[in-house]
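Undergrad: Input structure: entry23.txt, which contains compact mmCIF, C-alpha atoms and all ligand atoms.
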# COMPACT_ATOMS: atom_id res chain seq x y z
CA MET A 1 6.17 13.62 -7.10
CA ILE A 2 3.04 12.33 -5.35
CA ILE A 3 1.85 8.76 -5.75
CA ALA A 4 -1.45 7.32 -4.59
CA GLN A 5 -1.11 3.63 -3.76
CA ILE A 6 -4.39 1.78 -4.10
CA SER A 7 -4.46 -1.90 -3.23
CA ASP A 8 -6.65 -4.99 -3.12
CA LEU A 9 -9.48 -3.65 -5.21
CA HIS A 10 -11.04 -7.13 -5.69
CA ILE A 11 -13.21 -5.98 -8.58
CA VAL A 12 -16.06 -8.29 -9.61
CA GLY A 13 -17.42 -8.60 -13.13
CA ASP A 14 -21.12 -8.67 -12.36
CA GLY A 15 -21.02 -5.82 -9.83
CA ARG A 16 -22.59 -7.95 -7.08
CA PRO A 17 -21.23 -7.27 -3.58
CA LEU A 18 -18.39 -9.57 -2.57
CA PHE A 19 -19.35 -11.82 0.39
CA GLY A 20 -22.86 -10.44 -0.11
CA CYS A 21 -21.99 -7.11 1.53
CA VAL A 22 -18.80 -5.56 0.07
CA PRO A 23 -19.54 -3.41 -3.01
CA THR A 24 -15.94 -3.53 -4.19
CA ASN A 25 -16.58 -1.83 -7.54
CA ALA A 26 -18.39 1.14 -6.00
CA MET A 27 -15.73 1.37 -3.29
CA LEU A 28 -12.97 1.69 -5.90
CA SER A 29 -14.95 4.46 -7.57
CA ARG A 30 -15.18 6.31 -4.25
CA ALA A 31 -11.42 5.98 -3.72
CA ILE A 32 -10.73 7.30 -7.22
CA ASP A 33 -13.09 10.23 -6.64
CA ARG A 34 -11.16 11.04 -3.46
CA ILE A 35 -7.80 10.80 -5.28
CA ASN A 36 -9.07 12.97 -8.14
CA ALA A 37 -10.08 15.65 -5.63
CA LEU A 38 -6.66 15.85 -3.93
CA THR A 39 -4.70 19.09 -4.08
CA PRO A 40 -2.01 19.14 -5.26
CA ALA A 41 -2.93 16.53 -7.84
CA VAL A 42 -1.25 13.14 -7.68
CA ASP A 43 1.24 12.35 -10.44
CA ALA A 44 0.51 8.64 -10.63
CA ILE A 45 -1.61 5.89 -9.10
CA VAL A 46 0.07 2.56 -8.35
CA ALA A 47 -2.23 -0.43 -7.74
CA THR A 48 -0.44 -3.09 -5.68
CA GLY A 49 -2.35 -6.21 -6.63
CA ASP A 50 -5.52 -8.21 -6.11
CA LEU A 51 -6.92 -5.90 -8.74
CA VAL A 52 -9.81 -8.28 -9.38
CA GLU A 53 -11.36 -11.14 -7.43
CA SER A 54 -10.93 -14.15 -9.75
CA GLY A 55 -8.68 -13.10 -12.65
CA THR A 56 -11.33 -13.33 -15.38
CA PRO A 57 -11.40 -11.18 -18.57
CA ASN A 58 -14.84 -9.89 -17.57
CA GLU A 59 -13.48 -8.58 -14.27
CA TYR A 60 -10.52 -6.88 -15.98
CA ALA A 61 -12.91 -5.24 -18.45
CA THR A 62 -14.87 -3.86 -15.48
CA LEU A 63 -11.64 -2.73 -13.81
CA ARG A 64 -10.63 -0.91 -16.98
CA THR A 65 -13.95 0.93 -17.08
CA LEU A 66 -13.69 1.93 -13.40
CA LEU A 67 -10.05 3.09 -13.69
CA ALA A 68 -10.90 5.28 -16.68
CA ALA A 69 -12.29 7.79 -14.15
CA ALA A 70 -8.79 8.38 -12.70
CA ARG A 71 -7.17 11.65 -13.76
CA ALA A 72 -3.62 10.43 -13.08
CA PRO A 73 -1.96 7.60 -15.00
CA VAL A 74 -2.47 4.20 -13.34
CA PHE A 75 0.22 1.53 -13.04
CA LEU A 76 -0.88 -2.04 -12.34
CA LEU A 77 0.81 -4.81 -10.37
CA PRO A 78 -0.74 -8.28 -9.90
CA GLY A 79 -1.62 -10.00 -6.63
CA ASN A 80 -2.54 -13.59 -5.90
CA HIS A 81 -6.13 -13.07 -7.08
CA ASP A 82 -4.91 -11.84 -10.48
CA ASP A 83 -4.07 -13.59 -13.72
CA ARG A 84 -1.07 -12.09 -15.55
CA THR A 85 -2.26 -13.14 -19.00
CA ALA A 86 -5.80 -11.80 -18.58
CA LEU A 87 -4.44 -8.60 -17.02
CA ARG A 88 -2.04 -7.97 -19.92
CA ALA A 89 -4.77 -8.72 -22.46
CA ALA A 90 -7.16 -6.19 -20.91
CA PHE A 91 -4.56 -3.40 -20.76
CA PRO A 92 -2.60 -3.65 -24.05
CA ASP A 93 -1.93 0.12 -23.94
CA HIS A 94 -0.10 -0.21 -20.59
CA ASP A 95 3.20 -0.58 -22.37
CA TYR A 96 5.29 -0.59 -19.18
CA LEU A 97 4.03 -4.17 -18.61
CA PRO A 98 6.49 -6.79 -19.95
CA ALA A 99 5.08 -8.97 -22.74
CA ALA A 100 5.87 -12.21 -20.91
CA GLY A 101 6.75 -13.50 -17.46
CA PRO A 102 6.46 -11.63 -14.16
CA LEU A 103 5.09 -8.08 -14.40
CA ASN A 104 8.18 -6.22 -13.15
CA TYR A 105 8.82 -2.64 -14.22
CA ALA A 106 10.20 0.74 -13.18
CA ILE A 107 8.70 4.21 -13.48
CA ASP A 108 11.20 7.08 -13.54
CA ARG A 109 10.30 10.67 -12.70
CA GLY A 110 13.48 12.76 -12.42
CA PRO A 111 15.25 11.94 -9.14
CA PHE A 112 12.45 9.58 -8.04
CA ALA A 113 11.51 6.09 -9.16
CA VAL A 114 8.96 3.42 -8.43
CA VAL A 115 10.26 -0.10 -8.93
CA ALA A 116 7.46 -2.68 -9.12
CA ILE A 117 8.29 -6.31 -8.39
CA ASP A 118 5.86 -9.16 -9.08
CA THR A 119 5.91 -11.75 -6.26
CA THR A 120 2.91 -13.72 -7.48
CA VAL A 121 2.95 -17.45 -8.23
CA PRO A 122 0.25 -18.46 -10.73
CA ARG A 123 -2.72 -20.11 -8.98
CA GLU A 124 -1.08 -19.93 -5.52
CA PRO A 125 -2.10 -17.59 -2.68
CA PHE A 126 1.44 -17.14 -1.32
CA GLY A 127 4.22 -15.09 -2.88
CA LEU A 128 7.76 -15.97 -3.95
CA PHE A 129 11.05 -14.06 -3.95
CA ASP A 130 13.47 -16.55 -5.51
CA ARG A 131 16.80 -16.05 -7.30
CA ALA A 132 15.06 -14.98 -10.52
CA THR A 133 13.06 -12.33 -8.63
CA GLU A 134 16.25 -11.14 -6.92
CA THR A 135 18.00 -10.84 -10.28
CA ALA A 136 15.07 -8.89 -11.73
CA LEU A 137 14.94 -6.50 -8.75
CA GLU A 138 18.72 -6.00 -8.77
CA ALA A 139 18.60 -5.19 -12.49
CA MET A 140 16.09 -2.42 -11.83
CA LEU A 141 17.71 -1.05 -8.65
CA GLU A 142 21.33 -1.06 -9.80
CA PRO A 143 20.96 1.72 -12.42
CA ARG A 144 18.83 3.82 -10.03
CA GLN A 145 21.27 4.15 -7.12
CA ALA A 146 21.21 7.95 -7.36
CA LYS A 147 17.42 8.09 -7.10
CA VAL A 148 14.97 7.95 -4.22
CA VAL A 149 13.18 4.65 -4.81
CA LEU A 150 9.87 3.22 -3.68
CA VAL A 151 9.63 -0.53 -4.27
CA ALA A 152 6.04 -1.64 -4.86
CA THR A 153 4.98 -5.25 -4.42
CA HIS A 154 1.88 -7.26 -3.46
CA HIS A 155 2.93 -9.70 -0.71
CA PRO A 156 4.54 -8.05 2.35
CA PRO A 157 7.95 -9.65 2.92
CA PHE A 158 7.64 -9.65 6.71
CA ALA A 159 5.44 -11.50 9.22
CA THR A 160 2.43 -9.40 10.23
CA GLY A 161 1.37 -11.40 13.30
CA ILE A 162 -1.91 -12.37 11.63
CA TRP A 163 -1.09 -16.07 11.30
CA TRP A 164 -3.44 -17.00 8.48
CA MET A 165 -2.15 -14.14 6.33
CA ASP A 166 1.45 -14.95 7.20
CA ALA A 167 0.73 -18.48 5.94
CA ILE A 168 0.25 -16.93 2.51
CA GLY A 169 3.11 -14.45 2.83
CA VAL A 170 6.18 -14.33 0.61
CA ARG A 171 8.55 -17.29 0.52
CA GLY A 172 12.08 -15.97 0.32
CA GLY A 173 11.61 -12.99 2.63
CA ALA A 174 15.24 -13.18 3.86
CA ARG A 175 16.49 -13.04 0.27
CA PHE A 176 14.20 -10.07 -0.37
CA ALA A 177 15.49 -8.30 2.78
CA ALA A 178 19.11 -8.89 1.76
CA THR A 179 18.46 -7.41 -1.67
CA ILE A 180 16.81 -4.28 -0.27
CA THR A 181 19.52 -3.89 2.39
CA ARG A 182 22.12 -3.56 -0.38
CA HIS A 183 20.30 -0.49 -1.73
CA LYS A 184 20.23 2.30 0.85
CA ASN A 185 18.34 4.57 -1.54
CA VAL A 186 15.19 2.43 -1.23
CA GLU A 187 13.08 4.68 0.98
CA ARG A 188 10.07 2.40 1.12
CA VAL A 189 8.78 -1.06 0.28
CA ALA A 190 5.06 -0.50 -0.29
CA CYS A 191 2.89 -3.61 -0.19
CA GLY A 192 -0.72 -4.75 -0.26
CA HIS A 193 -2.35 -8.17 0.37
CA ILE A 194 -3.16 -7.75 4.08
CA HIS A 195 -6.06 -5.29 3.74
CA ARG A 196 -4.97 -3.10 6.63
CA SER A 197 -2.42 -0.37 7.28
CA ILE A 198 0.86 -1.75 8.72
CA THR A 199 4.37 -0.31 9.06
CA LYS A 200 7.61 -2.11 9.91
CA ARG A 201 11.33 -1.42 9.89
CA TRP A 202 12.60 -4.10 7.51
CA GLY A 203 15.53 -4.62 5.13
CA GLY A 204 17.20 -1.43 6.37
CA THR A 205 14.24 0.66 5.28
CA THR A 206 10.54 1.13 6.04
CA ALA A 207 8.07 -1.43 4.75
CA SER A 208 4.39 -0.59 4.71
CA VAL A 209 1.09 -2.15 3.79
CA ALA A 210 -1.69 -0.02 2.34
CA PRO A 211 -5.32 -0.58 3.30
CA SER A 212 -7.65 -2.11 0.74
CA THR A 213 -10.01 0.12 -1.22
CA ALA A 214 -12.60 -2.57 -0.32
CA HIS A 215 -12.89 -4.80 2.80
CA GLN A 216 -10.34 -4.63 5.65
CA LEU A 217 -8.89 -7.31 7.90
CA ALA A 218 -9.87 -6.98 11.54
CA LEU A 219 -6.93 -6.55 13.92
CA ASP A 220 -6.78 -9.90 15.71
CA LEU A 221 -3.34 -11.30 16.56
CA ALA A 222 -4.68 -14.25 18.61
CA ASP A 223 -3.65 -17.81 17.69
CA ASP A 224 -7.26 -18.80 17.15
CA ALA A 225 -8.15 -15.75 15.04
CA PHE A 226 -9.43 -16.49 11.57
CA LEU A 227 -10.82 -14.40 8.75
CA GLY A 228 -12.05 -11.40 10.69
CA LEU A 229 -13.20 -8.89 8.10
CA THR A 230 -14.60 -5.40 8.35
CA LEU A 231 -16.23 -2.90 6.07
CA GLY A 232 -14.33 0.30 6.51
CA PRO A 233 -12.35 2.29 7.00
CA ALA A 234 -11.31 1.58 3.42
CA GLY A 235 -8.65 3.77 1.89
CA PHE A 236 -5.32 4.21 0.18
CA ASP A 237 -1.81 5.45 0.91
CA LEU A 238 -0.39 8.69 -0.41
CA HIS A 239 3.38 8.76 -0.89
CA ALA A 240 4.91 12.21 -1.35
CA PHE A 241 8.51 12.39 -2.57
CA GLY A 242 10.26 15.59 -1.51
CA ASP A 243 13.67 17.08 -0.88
CA ASP A 244 13.75 15.35 2.53
CA GLY A 245 12.79 11.90 1.23
CA LEU A 246 9.44 10.18 1.24
CA THR A 247 6.50 11.03 3.49
CA SER A 248 3.43 8.80 3.52
CA HIS A 249 -0.17 9.28 4.59
CA THR A 250 -3.00 6.80 4.91
CA VAL A 251 -6.24 8.30 3.62
CA THR A 252 -9.50 6.69 4.68
CA VAL A 253 -12.59 6.70 2.48
CA GLY A 254 -16.17 5.87 3.37
CA LYS A 255 -17.69 4.33 6.47
CA PRO A 256 -16.06 3.54 9.83
CA GLU A 257 -15.17 0.02 10.96
CA THR A 258 -18.11 -2.40 10.73
CA PHE A 259 -17.57 -6.12 11.22
CA PHE A 260 -19.12 -8.76 9.00
CA HIS A 261 -18.85 -12.53 8.74
CA VAL A 262 -18.10 -14.91 5.90
CA ALA A 263 -20.63 -17.79 5.65
CA ALA A 264 -19.77 -20.18 8.51
CA THR A 265 -19.97 -23.19 6.19
CA GLN A 266 -16.92 -21.95 4.25
CA LEU A 267 -14.72 -21.41 7.29
CA PRO A 268 -13.51 -24.95 8.22
CA ALA A 269 -12.18 -25.71 4.72
CA MET A 270 -10.57 -22.26 4.38
CA ARG A 271 -8.98 -22.58 7.81
CA ALA A 272 -7.64 -26.08 7.07
CA ALA A 273 -6.06 -24.78 3.85
CA MET A 274 -4.38 -21.89 5.69
CA GLU A 275 -3.06 -24.20 8.43
CA LYS A 276 -1.55 -26.44 5.77
CA LEU A 277 0.11 -23.41 4.18
CA ARG A 278 1.40 -22.23 7.57
CA ALA A 279 3.03 -25.62 8.06
CA ALA A 280 4.53 -25.41 4.57
CA MET A 281 5.81 -21.90 5.27
CA ALA A 282 7.54 -23.13 8.45
CA THR A 283 9.35 -25.97 6.69
CA THR A 284 10.18 -24.36 3.33
CA SER A 285 13.82 -23.36 2.99
CA GLU A 286 14.87 -20.15 1.21
CA PRO A 287 14.02 -20.53 -2.47
FE FE B 1 -6.47 -8.85 -1.33
FE FE B 2 -3.47 -10.86 -1.89
Is it possible to express this structure as structure tokens?
TA:
Amino acid sequence: MIIAQISDLHIVGDGRPLFGCVPTNAMLSRAIDRINALTPAVDAIVATGDLVESGTPNEYATLRTLLAAARAPVFLLPGNHDDRTALRAAFPDHDYLPAAGPLNYAIDRGPFAVVAIDTTVPREPFGLFDRATETALEAMLEPRQAKVVLVATHHPPFATGIWWMDAIGVRGGARFAATITRHKNVERVACGHIHRSITKRWGGTTASVAPSTAHQLALDLADDAFLGLTLGPAGFDLHAFGDDGLTSHTVTVGKPETFFHVAATQLPAMRAAMEKLRAAMATTSEP
């Protein structure tokens, strides 16, 4: 089984470039064209959140139109930019989505499974892995102990070293790690949210972050780094399940790395908000 993981599509309803220079809608179309052209064909596409920019019905309608070009079935998971209710309403035929609450689900294909866990908190940028999330994940993993499992989620459960993204990471990462550690058949925890390709040994398995199909985060681990963004190389991850486990590839699409800047007037307020969240992250106990 081959799965394409697309992430952080940030689709806009009016088609105007995000930040004035990121044509997110066209970039998703390019990624889908690339996935459609792969040989052998992918069996499924999993989208790990931030499907749209603001969570509006208009954006989800646009997303639906763009995803219709995909040849493989698409499975959707929300990120912090999404709205569960609007997402469900726009995709009533996606019957794997629960009718209420977090959008957790499992996809079974013979000896392989994708288990999707929703870490989003409505109207908050950070994620949460509390007791209820643990119970939901356990309930999906427990009956799949004989399968090779990829866990898909939006917020990476580990610190990335990019402080302002770690400020809006997942609260309850230790609980998440303990849950995954109990299930040795989890071959991968595949995340989004960071807009760049990252890999880490975590929870007794490999955790990875897929690039965005749109804008990327510049690699800047300095304490004074803030909101470095680039156009390209956008892309997606390709996860191939085989007899020897799971092998993953990052596929780039479009132009090479080109830096751009968010309007300077927006930066102080955004930075102050992130610093407040970093302080909250440091003092919040395990949920
Ligand atoms: Fe994102
Ligand atoms: Fe996100």
Undergrad: To one decimal in Å, tell me the separation between atom CA of Phe112 of chain A and atom CA of Val149 of chain A.
TA: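 Interatomic distance, atom CA of Phe112 of chain A to atom CA of Val149 of chain A: 5.9 Å.
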Undergrad: Please write out the residues within 6 Å of ligand FE 2 (chain B) as a list of chain:residue names, counting all atoms listed in the file.
TA: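 Those residues are A:Asp50, A:Gly79, A:Asn80, A:His193.
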Undergrad: Between atom CA of Ala146 of chain A and atom CA of Tyr105 of chain A, what is the distance, to one decimal in Å?
TA: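 Taking atom CA of Ala146 of chain A and atom CA of Tyr105 of chain A, their separation equals 17.7 Å.
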Undergrad: At a cut-off of 10 Å and counting all atoms listed in the file, what residues surround ligand FE 1 (chain B)? Please answer as a list in words.
TA: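 Counting all atoms listed in the file, the residues within 10 Å of ligand FE 1 (chain B) come out as Ser7, Asp8, Leu9, His10, Thr48, Gly49, Asp50, Leu51, Val52, Glu53, Gly79, Asn80, His81, Asp82, Pro125, His154, His155, Gly192, His193, Ile194, His195, Arg196, Pro211, Ser212, Thr213, Ala214, His215, Gln216 and Leu217 of chain A.
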Undergrad: Skip Ile35 of chain A itself and residues of its chain fewer than 3 positions away, then list as a short mmCIF file (atom, residue, chain, number, x, y, z; two decimals) with C-alpha atoms, in the frame of the given file all residues within 12 Å of it, counting only C-alpha atoms.
TA:
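Below you can see result.cif, which holds the result:
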data_model
loop_
_atom_site.label_atom_id
_atom_site.label_comp_id
_atom_site.auth_asym_id
_atom_site.auth_seq_id
_atom_site.Cartn_x
_atom_site.Cartn_y
_atom_site.Cartn_z
CA ILE A 2 3.04 12.33 -5.35
CA ILE A 3 1.85 8.76 -5.75
CA ALA A 4 -1.45 7.32 -4.59
CA GLN A 5 -1.11 3.63 -3.76
CA ILE A 6 -4.39 1.78 -4.10
CA LEU A 28 -12.97 1.69 -5.90
CA SER A 29 -14.95 4.46 -7.57
CA ARG A 30 -15.18 6.31 -4.25
CA ALA A 31 -11.42 5.98 -3.72
CA ILE A 32 -10.73 7.30 -7.22
CA LEU A 38 -6.66 15.85 -3.93
CA THR A 39 -4.70 19.09 -4.08
CA PRO A 40 -2.01 19.14 -5.26
CA ALA A 41 -2.93 16.53 -7.84
CA VAL A 42 -1.25 13.14 -7.68
CA ASP A 43 1.24 12.35 -10.44
CA ALA A 44 0.51 8.64 -10.63
CA ILE A 45 -1.61 5.89 -9.10
CA VAL A 46 0.07 2.56 -8.35
CA LEU A 67 -10.05 3.09 -13.69
CA ALA A 69 -12.29 7.79 -14.15
CA ALA A 70 -8.79 8.38 -12.70
CA ARG A 71 -7.17 11.65 -13.76
CA ALA A 72 -3.62 10.43 -13.08
CA PRO A 73 -1.96 7.60 -15.00
CA VAL A 74 -2.47 4.20 -13.34
CA THR A 213 -10.01 0.12 -1.22
CA GLY A 235 -8.65 3.77 1.89
CA PHE A 236 -5.32 4.21 0.18
CA ASP A 237 -1.81 5.45 0.91
CA LEU A 238 -0.39 8.69 -0.41
CA THR A 250 -3.00 6.80 4.91
CA VAL A 251 -6.24 8.30 3.62
CA THR A 252 -9.50 6.69 4.68
CA VAL A 253 -12.59 6.70 2.48
#
Undergrad: Taking all atoms of segment 22-25 of chain A that appear in the file, build a box with edges along x, y and z, extend it by 4 Å on every side, and state its centre and edge lengths in Å to one decimal, as lines of an AutoDock Vina configuration file.
TA:
center_x = -17.7
center_y = -3.7
center_z = -3.7
size_x = 11.6
size_y = 11.7
size_z = 15.6
Undergrad: To one decimal place in Å, what is the distance between atom CA of His94 of chain A and atom CA of His183 of chain A?
TA: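 Going from atom CA of His94 of chain A over to atom CA of His183 of chain A, I get 27.8 Å.
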Undergrad: Please provide the set of residues having any atom within 8 Å of Gly13 of chain A, restricted to all atoms listed in the file, with same-chain residues fewer than 5 positions apart removed, written as a PyMOL selection string.
TA: chain A and resi 58-62
Undergrad: Which residue out of A:Pro98, A:Gly20, A:Pro111, A:Pro92 has the minimum interatomic distance to Asp243 of chain A when only C-alpha atoms are used?
TA: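 Smallest separation from Asp243 of chain A among the options: A:Pro111.
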Undergrad: Out of A:Val186, A:Ala225, A:Ala86, A:Ile117, which residue has the shortest atom-to-atom distance to Leu150 of chain A when counting all atoms listed in the file?
TA: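 Nearest to Leu150 of chain A: A:Val186.
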Undergrad: Would you kindly place N, CA, C and O atoms on segment 58-81 of chain A and return the model as a compact mmCIF listing (two decimals), in the coordinates of the input?
TA:
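Heads up, here's the output in out_38.txt:
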# COMPACT_ATOMS: atom_id res chain seq x y z
N ASN A 58 -13.69 -10.74 -17.88
CA ASN A 58 -14.84 -9.89 -17.57
C ASN A 58 -14.53 -8.92 -16.43
O ASN A 58 -14.87 -7.73 -16.46
N GLU A 59 -13.84 -9.44 -15.40
CA GLU A 59 -13.48 -8.58 -14.27
C GLU A 59 -12.47 -7.50 -14.70
O GLU A 59 -12.59 -6.34 -14.28
N TYR A 60 -11.51 -7.89 -15.54
CA TYR A 60 -10.52 -6.88 -15.98
C TYR A 60 -11.17 -5.82 -16.87
O TYR A 60 -10.77 -4.65 -16.84
N ALA A 61 -12.18 -6.23 -17.64
CA ALA A 61 -12.91 -5.24 -18.45
C ALA A 61 -13.62 -4.24 -17.54
O ALA A 61 -13.62 -3.02 -17.80
N THR A 62 -14.21 -4.75 -16.45
CA THR A 62 -14.87 -3.86 -15.48
C THR A 62 -13.85 -2.96 -14.81
O THR A 62 -14.07 -1.75 -14.65
N LEU A 63 -12.70 -3.53 -14.43
CA LEU A 63 -11.64 -2.73 -13.81
C LEU A 63 -11.22 -1.60 -14.74
O LEU A 63 -11.06 -0.45 -14.31
N ARG A 64 -11.06 -1.91 -16.00
CA ARG A 64 -10.63 -0.91 -16.98
C ARG A 64 -11.63 0.25 -17.03
O ARG A 64 -11.25 1.42 -17.05
N THR A 65 -12.89 -0.10 -17.05
CA THR A 65 -13.95 0.93 -17.08
C THR A 65 -13.88 1.81 -15.83
O THR A 65 -13.95 3.03 -15.91
N LEU A 66 -13.71 1.17 -14.67
CA LEU A 66 -13.69 1.93 -13.40
C LEU A 66 -12.45 2.83 -13.33
O LEU A 66 -12.52 3.97 -12.87
N LEU A 67 -11.30 2.31 -13.78
CA LEU A 67 -10.05 3.09 -13.69
C LEU A 67 -10.02 4.25 -14.68
O LEU A 67 -9.25 5.20 -14.51
N ALA A 68 -10.87 4.19 -15.69
CA ALA A 68 -10.90 5.28 -16.68
C ALA A 68 -11.28 6.61 -16.03
O ALA A 68 -11.00 7.68 -16.59
N ALA A 69 -11.90 6.56 -14.85
CA ALA A 69 -12.29 7.79 -14.15
C ALA A 69 -11.09 8.49 -13.51
O ALA A 69 -11.19 9.68 -13.13
N ALA A 70 -9.97 7.79 -13.37
CA ALA A 70 -8.79 8.38 -12.70
C ALA A 70 -8.15 9.43 -13.59
O ALA A 70 -7.95 9.22 -14.78
N ARG A 71 -7.81 10.57 -12.98
CA ARG A 71 -7.17 11.65 -13.76
C ARG A 71 -5.68 11.37 -13.97
O ARG A 71 -5.12 11.77 -14.97
N ALA A 72 -5.06 10.72 -12.98
CA ALA A 72 -3.62 10.43 -13.08
C ALA A 72 -3.41 9.09 -13.77
O ALA A 72 -4.29 8.23 -13.75
N PRO A 73 -2.24 8.91 -14.40
CA PRO A 73 -1.96 7.60 -15.00
C PRO A 73 -1.91 6.50 -13.94
O PRO A 73 -1.45 6.74 -12.82
N VAL A 74 -2.40 5.32 -14.29
CA VAL A 74 -2.47 4.20 -13.34
C VAL A 74 -1.48 3.12 -13.77
O VAL A 74 -1.39 2.77 -14.94
N PHE A 75 -0.73 2.61 -12.80
CA PHE A 75 0.22 1.53 -13.04
C PHE A 75 -0.24 0.31 -12.24
O PHE A 75 -0.54 0.42 -11.06
N LEU A 76 -0.26 -0.83 -12.91
CA LEU A 76 -0.88 -2.04 -12.34
C LEU A 76 0.16 -3.09 -11.98
O LEU A 76 1.11 -3.33 -12.73
N LEU A 77 -0.06 -3.72 -10.84
CA LEU A 77 0.81 -4.81 -10.37
C LEU A 77 -0.13 -5.94 -9.93
O LEU A 77 -1.13 -5.68 -9.28
N PRO A 78 0.18 -7.20 -10.28
CA PRO A 78 -0.74 -8.28 -9.90
C PRO A 78 -0.57 -8.71 -8.45
O PRO A 78 0.48 -8.56 -7.84
N GLY A 79 -1.65 -9.31 -7.92
CA GLY A 79 -1.62 -10.00 -6.63
C GLY A 79 -2.05 -11.43 -6.85
O GLY A 79 -2.25 -11.86 -8.00
N ASN A 80 -2.21 -12.17 -5.76
CA ASN A 80 -2.54 -13.59 -5.90
C ASN A 80 -3.92 -13.85 -6.49
O ASN A 80 -4.19 -14.94 -6.98
N HIS A 81 -4.81 -12.88 -6.47
CA HIS A 81 -6.13 -13.07 -7.08
C HIS A 81 -6.10 -12.78 -8.58
O HIS A 81 -7.11 -12.98 -9.26
